[in-house]
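**Student:** So here's coords-v3.pdb (PDB, C-alpha atoms).
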MODEL        1
ATOM      1  CA  MET A   1      55.051  12.661   7.855  1.00  0.00           C
ATOM      2  CA  PHE A   2      57.039  15.802   8.584  1.00  0.00           C
ATOM      3  CA  ASP A   3      59.957  13.938  10.201  1.00  0.00           C
ATOM      4  CA  PHE A   4      62.135  14.371   7.131  1.00  0.00           C
ATOM      5  CA  VAL A   5      61.398  18.089   6.930  1.00  0.00           C
ATOM      6  CA  PHE A   6      62.117  18.683  10.607  1.00  0.00           C
ATOM      7  CA  SER A   7      65.300  16.589  10.553  1.00  0.00           C
ATOM      8  CA  ALA A   8      66.551  18.541   7.522  1.00  0.00           C
ATOM      9  CA  ALA A   9      65.832  21.783   9.343  1.00  0.00           C
ATOM     10  CA  ALA A  10      67.682  20.573  12.425  1.00  0.00           C
ATOM     11  CA  ARG A  11      70.821  19.725  10.401  1.00  0.00           C
ATOM     12  CA  SER A  12      71.178  23.231   8.944  1.00  0.00           C
ATOM     13  CA  ASN A  13      71.895  25.475  11.916  1.00  0.00           C
ATOM     14  CA  SER A  14      71.922  28.783  10.067  1.00  0.00           C
ATOM     15  CA  ASN A  15      68.310  28.987   8.861  1.00  0.00           C
ATOM     16  CA  SER A  16      66.552  26.396  10.997  1.00  0.00           C
ATOM     17  CA  TRP A  17      64.447  28.951  12.862  1.00  0.00           C
ATOM     18  CA  LEU A  18      63.342  30.560   9.595  1.00  0.00           C
ATOM     19  CA  PHE A  19      62.369  27.198   8.131  1.00  0.00           C
ATOM     20  CA  THR A  20      60.400  26.291  11.277  1.00  0.00           C
ATOM     21  CA  ILE A  21      58.518  29.589  11.206  1.00  0.00           C
ATOM     22  CA  LEU A  22      57.743  29.040   7.520  1.00  0.00           C
ATOM     23  CA  ILE A  23      56.310  25.578   8.231  1.00  0.00           C
ATOM     24  CA  TYR A  24      54.081  26.906  10.999  1.00  0.00           C
ATOM     25  CA  ALA A  25      52.927  29.819   8.846  1.00  0.00           C
ATOM     26  CA  VAL A  26      51.936  27.455   6.035  1.00  0.00           C
ATOM     27  CA  LEU A  27      50.071  25.166   8.452  1.00  0.00           C
ATOM     28  CA  ILE A  28      48.188  28.040  10.097  1.00  0.00           C
ATOM     29  CA  GLY A  29      47.393  29.608   6.718  1.00  0.00           C
ATOM     30  CA  GLY A  30      46.071  26.277   5.456  1.00  0.00           C
ATOM     31  CA  PHE A  31      43.910  25.910   8.541  1.00  0.00           C
ATOM     32  CA  PHE A  32      42.387  29.362   8.080  1.00  0.00           C
ATOM     33  CA  TRP A  33      41.758  28.681   4.379  1.00  0.00           C
ATOM     34  CA  TRP A  34      40.098  25.341   5.174  1.00  0.00           C
ATOM     35  CA  THR A  35      37.816  26.798   7.880  1.00  0.00           C
ATOM     36  CA  SER A  36      36.755  29.766   5.716  1.00  0.00           C
ATOM     37  CA  ARG A  37      35.985  27.361   2.869  1.00  0.00           C
ATOM     38  CA  ARG A  38      33.820  25.225   5.163  1.00  0.00           C
ATOM     39  CA  ARG A  39      32.027  28.319   6.462  1.00  0.00           C
ATOM     40  CA  LYS A  40      31.281  29.451   2.905  1.00  0.00           C
ATOM     41  CA  GLN A  41      29.928  26.003   1.970  1.00  0.00           C
ATOM     42  CA  MET A  42      27.639  25.963   5.020  1.00  0.00           C
ATOM     43  CA  ALA A  43      26.307  29.441   4.195  1.00  0.00           C
ATOM     44  CA  GLU A  44      25.578  28.385   0.617  1.00  0.00           C
ATOM     45  CA  GLN A  45      23.801  25.269   1.856  1.00  0.00           C
ATOM     46  CA  GLN A  46      21.658  27.314   4.275  1.00  0.00           C
ATOM     47  CA  ASN A  47      20.764  29.819   1.536  1.00  0.00           C
ATOM     48  CA  LYS A  48      19.785  26.979  -0.773  1.00  0.00           C
ATOM     49  CA  MET A  49      17.576  25.508   1.954  1.00  0.00           C
ATOM     50  CA  LYS A  50      15.937  28.878   2.693  1.00  0.00           C
ATOM     51  CA  THR A  51      15.178  29.596  -0.949  1.00  0.00           C
ATOM     52  CA  GLY A  52      13.756  26.093  -1.341  1.00  0.00           C
ATOM     53  CA  LEU A  53      11.001  26.746   1.186  1.00  0.00           C
ATOM     54  CA  VAL A  54       7.680  27.203  -0.548  1.00  0.00           C
ATOM     55  CA  LYS A  55       4.152  27.551   0.720  1.00  0.00           C
ATOM     56  CA  GLY A  56       2.833  24.165   1.816  1.00  0.00           C
ATOM     57  CA  ALA A  57       6.236  22.550   2.375  1.00  0.00           C
ATOM     58  CA  HIS A  58       6.480  20.206   5.361  1.00  0.00           C
ATOM     59  CA  VAL A  59       9.289  21.113   7.762  1.00  0.00           C
ATOM     60  CA  VAL A  60      10.736  19.711  10.990  1.00  0.00           C
ATOM     61  CA  THR A  61      12.622  22.007  13.363  1.00  0.00           C
ATOM     62  CA  ILE A  62      15.725  21.102  15.360  1.00  0.00           C
ATOM     63  CA  GLY A  63      13.491  20.759  18.419  1.00  0.00           C
ATOM     64  CA  GLY A  64      11.337  18.170  16.663  1.00  0.00           C
ATOM     65  CA  LEU A  65       8.321  20.372  15.926  1.00  0.00           C
ATOM     66  CA  HIS A  66       6.554  19.459  12.700  1.00  0.00           C
ATOM     67  CA  GLY A  67       4.846  22.113  10.622  1.00  0.00           C
ATOM     68  CA  ILE A  68       3.780  23.406   7.245  1.00  0.00           C
ATOM     69  CA  VAL A  69       5.131  26.620   5.702  1.00  0.00           C
ATOM     70  CA  ASP A  70       2.374  29.216   5.434  1.00  0.00           C
TER
ENDMDL
END
What would you get if you wrote out this structure as structure tokens?
**Tutor:**
Amino acid sequence: MFDFVFSAAARSNSNSWLFTILIYAVLIGGFFWWTSRRRKQMAEQQNKMKTGLVKGAHVVTIGGLHGIVD
């Protein structure tokens, strides 16, 4: 996928190191953006689940315990 980009960077000797650093910076920045987005979505999902608990709701814990919200 990035073969063309890396081969173009290898042909130009003057700024190849700058181009390589730029590629890595974009990849790392994208990774951090993606993980923070996932973390935010999980937090929203947990908040939605917590606010949805009402008295009398049936719940099952991770350990398999069944119960009713009091």
**Student:** Do a neighbour search on His58 in chain A at 7 Å with all atoms listed in the file, toss out local chain neighbours closer than 2 positions, and write the hits as a ChimeraX atom specification.
**Tutor:** /A:56,67-69
**Student:** Include C-alpha atoms and write out the residues we just selected as a PDB file, in the coordinates of the input.
**Tutor:**
ATOM      1  CA  GLY A  56       2.833  24.165   1.816  1.00  0.00           C
ATOM      2  CA  GLY A  67       4.846  22.113  10.622  1.00  0.00           C
ATOM      3  CA  ILE A  68       3.780  23.406   7.245  1.00  0.00           C
ATOM      4  CA  VAL A  69       5.131  26.620   5.702  1.00  0.00           C
TER       5      VAL A  69
END
**Student:** Can you work out the spacing between CA of Leu53 in chain A and CA of Leu65 in chain A in Å, to one decimal?
**Tutor:**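 For CA of Leu53 in chain A relative to CA of Leu65 in chain A, the distance reads 16.3 Å.
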**Student:** Padding 5 Å on each side, edges along x, y and z: where is the centre of the box around the listed atoms of range 37-49 of chain A, and how long are its edges in Å to one decimal? Output it as AutoDock Vina command-line options.
**Tutor:**
--center_x 26.8 --center_y 27.5 --center_z 2.8 --size_x 28.4 --size_y 14.6 --size_z 17.2
